[in-house]
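Enquirer: Below you'll find the structure I mean.
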Amino acid sequence: MKSVLQELHIRNFALIEALDLRLEGGLTVLTGETGAGKSIIIDAVNLLLGGRATGDWVRTGCEEALVEGVFSLEPGSRPAAFLREQGLEERQGDEVLLILTRELTRAGRHRCRINGRTVTLQAVEEVGRYLLDLHGQHEHQSLLHVSRQLELLDAFGGAETERGRQRVEELFSTWRSLRAELAALEENEAERSRREEMLRYQWEELERANLRPGEDEELEQERTVLRHAERLFADAQAAYQLLYQGEEGGRAALDQLAEAQEALERILRLDPTLGEASQLLQAARCEVEEAARSVAAYRDRIEANPARLAQIEERLDLLSRLKRKYGPALEDVLAYRQKVQGELEALARRDERRGEVQKKLQAVEEELVQAAEALSAARRKAGQRLAEQVVQALADVNMPRSVFVVSSQWLEATGSEASVQINGRRWQIWSHGLDRLEFLLSANPGEEPRPLAKIASGGELSRVMLVLKTLLAEQDEIPTLIFDEVDAGISGRTAQAVAEKLALLARTRQVICVTHLPQIASMADQHIFVEKLVEGGETRVTARLLRREERVQELARLLGGAKVTEVTKSHAEEMMALAEQVKSHI
């Protein structure tokens with residue numbers, strides 16, 4: 001069994017105060033008197049899957065309503081993949097657990113949660129599309145969407161259509177990328193010329209500047225020295241005199257150190273105690289002498305040079321302007337020069353590349369057209385087979401004169417949409433090919449086939465969906481189906497045929513059906529009875545799972561009306577026995 005809805009919890013929703021249903025796979029039927037509240041349960045499920053929220057749904061006297069569904073998912077299923085992509089996955093053994101919650105206030109505000117985490121309504125609608133389909137009066141019906149119809153037809157067509165579609169998708173992706181590249185290469189020629197002229201100007205400006213990394217820092221240091229040349233020379237001269245020459249009337253530091261050295265040598269001739277001090281002093285004399293030479297060399301380099309200073313100021317001004325334009329740092333300016341050079345080289349190769357792309361695009365477009373035409377032909381064959389099988393199946397569910405058409409057409413291109421040329425005309429094309437496909441139905445003689453979304457009768461639509469779901473059971477991956485009004489306007493042998501189709505579909509899906517027909521109820525793997533009770537002046541809806549003897553009683557009520565007799569009970573027993581036989585051979 002695939003993924004299933006395991007539990008449904010409803011609180012303070014319309015006439016439901018508290019309702020907890022545990023559901024299983026196979027066919028589950030909901031029965032009860034007319035107006036008992038079966039449709040309220042369906043409305044709650046519709047709300048859970050992203051249906052319109054309104055404060056009118058909140059039970060009288062309450063401020064909030066809650067609907068919660070617990071789903072068990074196969075790890076490889078689409079909804080499980082969605083949870084994994086969104087970081088919402090919760091594991092329960094080998095299965096993936098999905099708890100979908102919708103809370104609604106009387107003011108009309110609503111909250112959505114997946115596995116306890118708040119999500120957007122869009123996320124609920126997205127995952128809901130993969131979880132469950134409602135068929136009847138509700139809008140949550142995936143088969144009404146033409147994109148879904150196309151997917152199912154391709155799956156129904158088997159390997160030929162599926163491989164053809166994959167090939168078209170691959171070619172379309174390549175074709176679209178080449179078109180985008182060619183459009184960029186063929187942009188407005190005047191704009192291209194202006195761009196190239198601007199880049200050329202910038203390149204020449206940066207080349208003339210002959211920039212070097214770190215040049216601005218070196219020049220700023222040199223400018224500082226030139227600006228303060230006189231003071232630097234004076235300070236260097238003063239330091240040199242103190243170290244080596246001595247000021248007027250004074251002795252140099254080096255001379256004083258020499259005299260101190262001589263005094264220590266005299267001491268050492270009588271007492272060796274200051275030997276280490278003498279060595280330190282000798283080293284100090286050498287260091288001072290070296291320092292004096294360095295200071296003298298620095299002093300001799302210092303020169304007031306207004307011409308050089310002016311050159312530096314001019315150069316720094318140029319660098320500053322370039323940094324303002326292309327910076328902010330000199331390294332950024334140098335990087336921009338490399339970028340400009342690369343773009344100019346690309347522009348120079350533009351014509352050559354444009355020719356290459358045009359040639360490749362033409363070849364890919366030819367392949368795309370051939371693949372799309374072949375896919376269209378395969379779809380036409382699959383559509384004819386599907387239409388024939390649907391018409392045959394509709395006859396079994398009391399729609400004997402129905403006409404079902406898989407309408408497929410190409411749309412001629414009228415504007416800037418993606419298109420290809422075939423036999424001198426341009427046709428719109430998408431990643432799925434050339435076809436604009438839609439399922440059409442005429443349920444009554446003399447009526448033109450119309451799109452499924454425009455069928456007025458909920459009962460007719462439910463039966464069409466039942467037929468399609470049965471035929472496409474292997475292709476459609478949605479695990480849970482709810483049918484409301486599927487039994488509208490049918491009885492007898494037609495009702496039996498519908499019941500058998502539901503049972504057949506329930507072999508591979510979880511099917512939940514609201515019904516008034518004993519033929520359908522007898523086929524149930526799980527039978528839930530819904531009733532409306534009035535207690536203490538308040539009305540509330542309850543639901544409970546029926547045991548076998550209770551099922552016989554309910555089938556007898558469906559067969560004979562309000563009064564259950566021994567005859568109707570006998571007929572109910574016989575109907576359940578026959579249903580078991582039928583199910584054992586499905």
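Order determines the names: the first chain of the structure tokens is A, the second B, and so forth; residues in each chain are numbered 1 upward, and ligands are numbered 1 upward as they are shown.
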I'd like the contact shell of stretch 117-124 of chain A - 12 Å cut-off, only C-alpha atoms, skipping same-chain residues fewer than 3 positions apart - returned as a PDB file with N, CA and C atoms, in the first residue's frame.

Expert:
ATOM      1  N   ASN A  46     -10.991  19.570   2.778  1.00  0.00           N
ATOM      2  CA  ASN A  46     -10.692  20.576   1.759  1.00  0.00           C
ATOM      3  C   ASN A  46      -9.955  21.762   2.373  1.00  0.00           C
ATOM      4  N   LEU A  47     -10.396  22.194   3.569  1.00  0.00           N
ATOM      5  CA  LEU A  47      -9.704  23.281   4.273  1.00  0.00           C
ATOM      6  C   LEU A  47      -8.278  22.863   4.619  1.00  0.00           C
ATOM      7  N   LEU A  48      -8.118  21.625   5.065  1.00  0.00           N
ATOM      8  CA  LEU A  48      -6.796  21.121   5.451  1.00  0.00           C
ATOM      9  C   LEU A  48      -5.806  21.213   4.302  1.00  0.00           C
ATOM     10  N   LEU A  49      -6.290  20.994   3.082  1.00  0.00           N
ATOM     11  CA  LEU A  49      -5.407  20.960   1.918  1.00  0.00           C
ATOM     12  C   LEU A  49      -5.216  22.326   1.266  1.00  0.00           C
ATOM     13  N   GLY A  50      -5.656  23.383   1.957  1.00  0.00           N
ATOM     14  CA  GLY A  50      -5.418  24.727   1.438  1.00  0.00           C
ATOM     15  C   GLY A  50      -6.654  25.432   0.953  1.00  0.00           C
ATOM     16  N   GLY A  51      -7.857  24.859   1.229  1.00  0.00           N
ATOM     17  CA  GLY A  51      -9.095  25.508   0.822  1.00  0.00           C
ATOM     18  C   GLY A  51      -9.297  26.843   1.517  1.00  0.00           C
ATOM     19  N   ARG A  52     -10.234  27.615   0.985  1.00  0.00           N
ATOM     20  CA  ARG A  52     -10.473  28.970   1.489  1.00  0.00           C
ATOM     21  C   ARG A  52     -10.890  28.933   2.953  1.00  0.00           C
ATOM     22  N   ALA A  53     -10.253  29.763   3.773  1.00  0.00           N
ATOM     23  CA  ALA A  53     -10.540  29.824   5.200  1.00  0.00           C
ATOM     24  C   ALA A  53     -11.482  30.987   5.485  1.00  0.00           C
ATOM     25  N   GLY A  69      -4.465  16.394   9.861  1.00  0.00           N
ATOM     26  CA  GLY A  69      -4.359  15.100   9.210  1.00  0.00           C
ATOM     27  C   GLY A  69      -2.986  14.504   9.437  1.00  0.00           C
ATOM     28  N   PRO A  79       5.421  13.593  -1.932  1.00  0.00           N
ATOM     29  CA  PRO A  79       5.322  14.426  -0.732  1.00  0.00           C
ATOM     30  C   PRO A  79       6.494  14.249   0.217  1.00  0.00           C
ATOM     31  N   PHE A  82       9.217  16.351  -1.067  1.00  0.00           N
ATOM     32  CA  PHE A  82       8.933  17.761  -0.781  1.00  0.00           C
ATOM     33  C   PHE A  82       9.340  18.107   0.655  1.00  0.00           C
ATOM     34  N   LEU A  83       8.970  17.248   1.611  1.00  0.00           N
ATOM     35  CA  LEU A  83       9.343  17.495   3.010  1.00  0.00           C
ATOM     36  C   LEU A  83      10.857  17.535   3.179  1.00  0.00           C
ATOM     37  N   GLU A  85      13.125  18.315   0.907  1.00  0.00           N
ATOM     38  CA  GLU A  85      13.649  19.540   0.296  1.00  0.00           C
ATOM     39  C   GLU A  85      13.418  20.751   1.180  1.00  0.00           C
ATOM     40  N   GLN A  86      12.289  20.777   1.905  1.00  0.00           N
ATOM     41  CA  GLN A  86      11.946  21.924   2.749  1.00  0.00           C
ATOM     42  C   GLN A  86      12.512  21.801   4.167  1.00  0.00           C
ATOM     43  N   GLY A  87      13.230  20.715   4.440  1.00  0.00           N
ATOM     44  CA  GLY A  87      13.774  20.523   5.784  1.00  0.00           C
ATOM     45  C   GLY A  87      12.708  20.212   6.818  1.00  0.00           C
ATOM     46  N   LEU A  88      11.597  19.559   6.418  1.00  0.00           N
ATOM     47  CA  LEU A  88      10.473  19.279   7.315  1.00  0.00           C
ATOM     48  C   LEU A  88      10.271  17.788   7.564  1.00  0.00           C
ATOM     49  N   GLU A  89      11.197  16.972   7.116  1.00  0.00           N
ATOM     50  CA  GLU A  89      11.008  15.520   7.173  1.00  0.00           C
ATOM     51  C   GLU A  89      11.047  15.006   8.605  1.00  0.00           C
ATOM     52  N   GLU A  90      10.092  14.108   8.926  1.00  0.00           N
ATOM     53  CA  GLU A  90      10.059  13.406  10.212  1.00  0.00           C
ATOM     54  C   GLU A  90       9.919  11.918   9.914  1.00  0.00           C
ATOM     55  N   LEU A  98       3.934  12.747   8.178  1.00  0.00           N
ATOM     56  CA  LEU A  98       3.516  14.110   7.851  1.00  0.00           C
ATOM     57  C   LEU A  98       2.279  14.452   8.670  1.00  0.00           C
ATOM     58  N   ILE A  99       2.398  15.445   9.538  1.00  0.00           N
ATOM     59  CA  ILE A  99       1.266  15.953  10.298  1.00  0.00           C
ATOM     60  C   ILE A  99       0.943  17.336   9.750  1.00  0.00           C
ATOM     61  N   LEU A 100      -0.198  17.431   9.090  1.00  0.00           N
ATOM     62  CA  LEU A 100      -0.623  18.677   8.447  1.00  0.00           C
ATOM     63  C   LEU A 100      -1.725  19.294   9.307  1.00  0.00           C
ATOM     64  N   THR A 101      -1.527  20.541   9.730  1.00  0.00           N
ATOM     65  CA  THR A 101      -2.453  21.200  10.649  1.00  0.00           C
ATOM     66  C   THR A 101      -2.913  22.534  10.088  1.00  0.00           C
ATOM     67  N   ARG A 102      -4.205  22.787  10.188  1.00  0.00           N
ATOM     68  CA  ARG A 102      -4.768  24.087   9.788  1.00  0.00           C
ATOM     69  C   ARG A 102      -5.605  24.601  10.949  1.00  0.00           C
ATOM     70  N   GLU A 103      -5.284  25.784  11.456  1.00  0.00           N
ATOM     71  CA  GLU A 103      -6.029  26.402  12.545  1.00  0.00           C
ATOM     72  C   GLU A 103      -6.710  27.656  12.007  1.00  0.00           C
ATOM     73  N   ARG A 109      -8.538  34.660  10.574  1.00  0.00           N
ATOM     74  CA  ARG A 109      -7.086  34.406  10.472  1.00  0.00           C
ATOM     75  C   ARG A 109      -6.839  32.902  10.539  1.00  0.00           C
ATOM     76  N   HIS A 110      -5.771  32.483   9.885  1.00  0.00           N
ATOM     77  CA  HIS A 110      -5.481  31.047   9.881  1.00  0.00           C
ATOM     78  C   HIS A 110      -3.984  30.821  10.009  1.00  0.00           C
ATOM     79  N   ARG A 111      -3.638  29.647  10.540  1.00  0.00           N
ATOM     80  CA  ARG A 111      -2.237  29.231  10.649  1.00  0.00           C
ATOM     81  C   ARG A 111      -2.097  27.850  10.035  1.00  0.00           C
ATOM     82  N   CYS A 112      -0.969  27.624   9.375  1.00  0.00           N
ATOM     83  CA  CYS A 112      -0.686  26.329   8.750  1.00  0.00           C
ATOM     84  C   CYS A 112       0.596  25.765   9.353  1.00  0.00           C
ATOM     85  N   ARG A 113       0.570  24.478   9.664  1.00  0.00           N
ATOM     86  CA  ARG A 113       1.769  23.837  10.205  1.00  0.00           C
ATOM     87  C   ARG A 113       1.995  22.504   9.497  1.00  0.00           C
ATOM     88  N   ILE A 114       3.259  22.206   9.296  1.00  0.00           N
ATOM     89  CA  ILE A 114       3.673  20.887   8.815  1.00  0.00           C
ATOM     90  C   ILE A 114       4.658  20.336   9.822  1.00  0.00           C
ATOM     91  N   VAL A 127       2.266  20.663  -1.091  1.00  0.00           N
ATOM     92  CA  VAL A 127       2.333  19.275  -0.635  1.00  0.00           C
ATOM     93  C   VAL A 127       0.972  18.601  -0.786  1.00  0.00           C
ATOM     94  N   GLY A 128      -0.107  19.387  -0.659  1.00  0.00           N
ATOM     95  CA  GLY A 128      -1.444  18.822  -0.791  1.00  0.00           C
ATOM     96  C   GLY A 128      -1.719  18.260  -2.165  1.00  0.00           C
ATOM     97  N   ARG A 129      -1.105  18.854  -3.197  1.00  0.00           N
ATOM     98  CA  ARG A 129      -1.309  18.371  -4.560  1.00  0.00           C
ATOM     99  C   ARG A 129      -0.815  16.945  -4.728  1.00  0.00           C
ATOM    100  N   TYR A 130       0.175  16.558  -3.911  1.00  0.00           N
ATOM    101  CA  TYR A 130       0.737  15.214  -4.018  1.00  0.00           C
ATOM    102  C   TYR A 130       0.075  14.225  -3.049  1.00  0.00           C
ATOM    103  N   LEU A 131      -0.723  14.727  -2.110  1.00  0.00           N
ATOM    104  CA  LEU A 131      -1.255  13.868  -1.057  1.00  0.00           C
ATOM    105  C   LEU A 131      -2.625  13.299  -1.373  1.00  0.00           C
ATOM    106  N   LEU A 132      -3.526  14.160  -1.847  1.00  0.00           N
ATOM    107  CA  LEU A 132      -4.933  13.769  -1.840  1.00  0.00           C
ATOM    108  C   LEU A 132      -5.693  14.525  -2.908  1.00  0.00           C
TER     109      LEU A 132
END

Enquirer: If you run DSSP on this backbone, which residues of stretch 296-427 of chain A come out as alpha helix (DSSP H), and could you give them as a ChimeraX atom specification?

Expert: /A:296-301,306-326,330-348,350-396

Enquirer: Using only C-alpha atoms, which protein or nucleic acid residues come within 6 Å of stretch 481-490 of chain A? Drop anything in the same chain fewer than 6 positions from it, and give the result as JSON, numbers by chain.

Expert: {"A": [132, 133, 134, 135, 136, 459, 462, 463, 511, 512, 513, 514]}

Enquirer: Can you write out the residues you just picked, keeping C-alpha atoms, as a compact mmCIF listing (two decimals), in the first residue's frame?

Expert:
# COMPACT_ATOMS: atom_id res chain seq x y z
CA LEU A 132 -4.93 13.77 -1.84
CA ASP A 133 -7.55 14.48 -4.49
CA LEU A 134 -11.10 15.54 -3.72
CA HIS A 135 -13.68 14.78 -6.40
CA GLY A 136 -17.12 16.27 -6.20
CA GLY A 459 -21.88 13.71 -9.91
CA SER A 462 -16.92 12.51 -10.01
CA ARG A 463 -17.75 9.57 -12.28
CA VAL A 511 -10.15 5.58 -1.51
CA ILE A 512 -12.67 7.42 0.70
CA CYS A 513 -16.21 7.70 -0.63
CA VAL A 514 -19.29 9.51 0.64

Enquirer: Let's see if you can do this: from backbone DSSP, list all strand (DSSP E) residues in stretch 301-496 of chain A, as a VMD selection string.

Expert: chain A and resid 403 to 410 419 to 422 425 to 428 435 to 442 450 to 451 480 to 484

Enquirer: For A:Gln166, work out the shell of residues within 12 Å, counting only C-alpha atoms and skipping chain neighbours fewer than 3 positions away, then give it as a PyMOL selection string.

Expert: chain A and resi 151+154-155+159-163+169-173+368+371-372+375+431-433

Enquirer: Atom CA of A:Asn305 to atom CA of A:Arg208: how many Å, to one decimal?

Expert: 25.5 Å

Enquirer: Could you state the separation of atom CA of A:Ala418 and atom CA of A:Gln370 in Å, given to one decimal place?

Expert: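 Computing the Euclidean distance for atom CA of A:Ala418 and atom CA of A:Gln370 yields 16.4 Å.
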
Enquirer: Need the shell around A:Glu222: protein/DNA/RNA residues with any atom at most 12 Å away, counting only C-alpha atoms. Skip same-chain ones fewer than 3 positions apart. Format as a PyMOL selection string?

Expert: chain A and resi 215-219+225-229+302-305+308-313+315-316

Enquirer: Take the residues from that selection and write them out as a PDB file, in the first residue's frame, keeping N, CA, C and O atoms.

Expert:
ATOM      1  N   GLU A 215      52.275  51.539  -5.390  1.00  0.00           N
ATOM      2  CA  GLU A 215      52.921  52.781  -5.794  1.00  0.00           C
ATOM      3  C   GLU A 215      52.424  53.969  -4.985  1.00  0.00           C
ATOM      4  O   GLU A 215      53.213  54.867  -4.615  1.00  0.00           O
ATOM      5  N   ASP A 216      51.128  54.028  -4.696  1.00  0.00           N
ATOM      6  CA  ASP A 216      50.589  55.175  -3.972  1.00  0.00           C
ATOM      7  C   ASP A 216      51.192  55.289  -2.580  1.00  0.00           C
ATOM      8  O   ASP A 216      51.512  56.393  -2.110  1.00  0.00           O
ATOM      9  N   GLU A 217      51.398  54.164  -1.906  1.00  0.00           N
ATOM     10  CA  GLU A 217      51.979  54.199  -0.563  1.00  0.00           C
ATOM     11  C   GLU A 217      53.429  54.679  -0.611  1.00  0.00           C
ATOM     12  O   GLU A 217      53.877  55.472   0.241  1.00  0.00           O
ATOM     13  N   GLU A 218      54.192  54.223  -1.607  1.00  0.00           N
ATOM     14  CA  GLU A 218      55.592  54.655  -1.749  1.00  0.00           C
ATOM     15  C   GLU A 218      55.674  56.158  -1.999  1.00  0.00           C
ATOM     16  O   GLU A 218      56.502  56.863  -1.395  1.00  0.00           O
ATOM     17  N   LEU A 219      54.818  56.652  -2.870  1.00  0.00           N
ATOM     18  CA  LEU A 219      54.851  58.077  -3.203  1.00  0.00           C
ATOM     19  C   LEU A 219      54.420  58.940  -2.027  1.00  0.00           C
ATOM     20  O   LEU A 219      54.971  60.032  -1.812  1.00  0.00           O
ATOM     21  N   VAL A 225      58.583  63.042   3.157  1.00  0.00           N
ATOM     22  CA  VAL A 225      59.996  63.402   3.365  1.00  0.00           C
ATOM     23  C   VAL A 225      60.320  64.736   2.690  1.00  0.00           C
ATOM     24  O   VAL A 225      60.956  65.620   3.269  1.00  0.00           O
ATOM     25  N   LEU A 226      59.877  64.921   1.444  1.00  0.00           N
ATOM     26  CA  LEU A 226      60.181  66.160   0.713  1.00  0.00           C
ATOM     27  C   LEU A 226      59.497  67.367   1.340  1.00  0.00           C
ATOM     28  O   LEU A 226      60.070  68.465   1.367  1.00  0.00           O
ATOM     29  N   ARG A 227      58.292  67.172   1.825  1.00  0.00           N
ATOM     30  CA  ARG A 227      57.590  68.294   2.448  1.00  0.00           C
ATOM     31  C   ARG A 227      58.293  68.789   3.714  1.00  0.00           C
ATOM     32  O   ARG A 227      58.198  69.962   4.069  1.00  0.00           O
ATOM     33  N   HIS A 228      59.003  67.902   4.422  1.00  0.00           N
ATOM     34  CA  HIS A 228      59.657  68.258   5.689  1.00  0.00           C
ATOM     35  C   HIS A 228      61.171  68.117   5.580  1.00  0.00           C
ATOM     36  O   HIS A 228      61.852  67.801   6.559  1.00  0.00           O
ATOM     37  N   ALA A 229      61.729  68.388   4.397  1.00  0.00           N
ATOM     38  CA  ALA A 229      63.160  68.173   4.150  1.00  0.00           C
ATOM     39  C   ALA A 229      64.030  69.012   5.085  1.00  0.00           C
ATOM     40  O   ALA A 229      65.016  68.505   5.651  1.00  0.00           O
ATOM     41  N   ILE A 302      69.007  63.858   2.225  1.00  0.00           N
ATOM     42  CA  ILE A 302      67.931  64.833   2.361  1.00  0.00           C
ATOM     43  C   ILE A 302      68.242  66.050   1.511  1.00  0.00           C
ATOM     44  O   ILE A 302      69.316  66.638   1.616  1.00  0.00           O
ATOM     45  N   GLU A 303      67.270  66.349   0.646  1.00  0.00           N
ATOM     46  CA  GLU A 303      67.468  67.498  -0.244  1.00  0.00           C
ATOM     47  C   GLU A 303      66.108  68.115  -0.545  1.00  0.00           C
ATOM     48  O   GLU A 303      65.148  67.429  -0.904  1.00  0.00           O
ATOM     49  N   ALA A 304      65.979  69.361  -0.348  1.00  0.00           N
ATOM     50  CA  ALA A 304      64.754  70.084  -0.726  1.00  0.00           C
ATOM     51  C   ALA A 304      64.676  70.116  -2.248  1.00  0.00           C
ATOM     52  O   ALA A 304      65.552  70.688  -2.905  1.00  0.00           O
ATOM     53  N   ASN A 305      63.643  69.445  -2.815  1.00  0.00           N
ATOM     54  CA  ASN A 305      63.528  69.310  -4.269  1.00  0.00           C
ATOM     55  C   ASN A 305      62.091  69.647  -4.676  1.00  0.00           C
ATOM     56  O   ASN A 305      61.250  68.759  -4.836  1.00  0.00           O
ATOM     57  N   ARG A 308      60.712  67.692  -7.736  1.00  0.00           N
ATOM     58  CA  ARG A 308      60.324  66.306  -7.485  1.00  0.00           C
ATOM     59  C   ARG A 308      59.024  66.267  -6.688  1.00  0.00           C
ATOM     60  O   ARG A 308      58.151  65.435  -6.955  1.00  0.00           O
ATOM     61  N   LEU A 309      58.890  67.174  -5.711  1.00  0.00           N
ATOM     62  CA  LEU A 309      57.680  67.213  -4.912  1.00  0.00           C
ATOM     63  C   LEU A 309      56.458  67.502  -5.794  1.00  0.00           C
ATOM     64  O   LEU A 309      55.399  66.899  -5.620  1.00  0.00           O
ATOM     65  N   ALA A 310      56.629  68.382  -6.739  1.00  0.00           N
ATOM     66  CA  ALA A 310      55.524  68.708  -7.651  1.00  0.00           C
ATOM     67  C   ALA A 310      55.152  67.498  -8.502  1.00  0.00           C
ATOM     68  O   ALA A 310      53.964  67.225  -8.755  1.00  0.00           O
ATOM     69  N   GLN A 311      56.185  66.752  -8.948  1.00  0.00           N
ATOM     70  CA  GLN A 311      55.913  65.539  -9.723  1.00  0.00           C
ATOM     71  C   GLN A 311      55.108  64.528  -8.898  1.00  0.00           C
ATOM     72  O   GLN A 311      54.154  63.915  -9.403  1.00  0.00           O
ATOM     73  N   ILE A 312      55.530  64.369  -7.650  1.00  0.00           N
ATOM     74  CA  ILE A 312      54.844  63.410  -6.785  1.00  0.00           C
ATOM     75  C   ILE A 312      53.399  63.837  -6.547  1.00  0.00           C
ATOM     76  O   ILE A 312      52.470  63.021  -6.589  1.00  0.00           O
ATOM     77  N   GLU A 313      53.218  65.144  -6.265  1.00  0.00           N
ATOM     78  CA  GLU A 313      51.856  65.636  -6.036  1.00  0.00           C
ATOM     79  C   GLU A 313      50.981  65.384  -7.264  1.00  0.00           C
ATOM     80  O   GLU A 313      49.831  64.969  -7.148  1.00  0.00           O
ATOM     81  N   ARG A 315      51.432  63.067  -9.549  1.00  0.00           N
ATOM     82  CA  ARG A 315      51.210  61.633  -9.704  1.00  0.00           C
ATOM     83  C   ARG A 315      50.156  61.122  -8.708  1.00  0.00           C
ATOM     84  O   ARG A 315      49.257  60.358  -9.076  1.00  0.00           O
ATOM     85  N   LEU A 316      50.243  61.579  -7.476  1.00  0.00           N
ATOM     86  CA  LEU A 316      49.286  61.169  -6.472  1.00  0.00           C
ATOM     87  C   LEU A 316      47.876  61.675  -6.805  1.00  0.00           C
ATOM     88  O   LEU A 316      46.884  61.002  -6.528  1.00  0.00           O
TER      89      LEU A 316
END

Enquirer: Between A:Ile40, A:Ala238, A:Ala382, A:Ile586, which has the minimum distance to A:Gly157 (counting only C-alpha atoms)?

Expert: A:Ala382
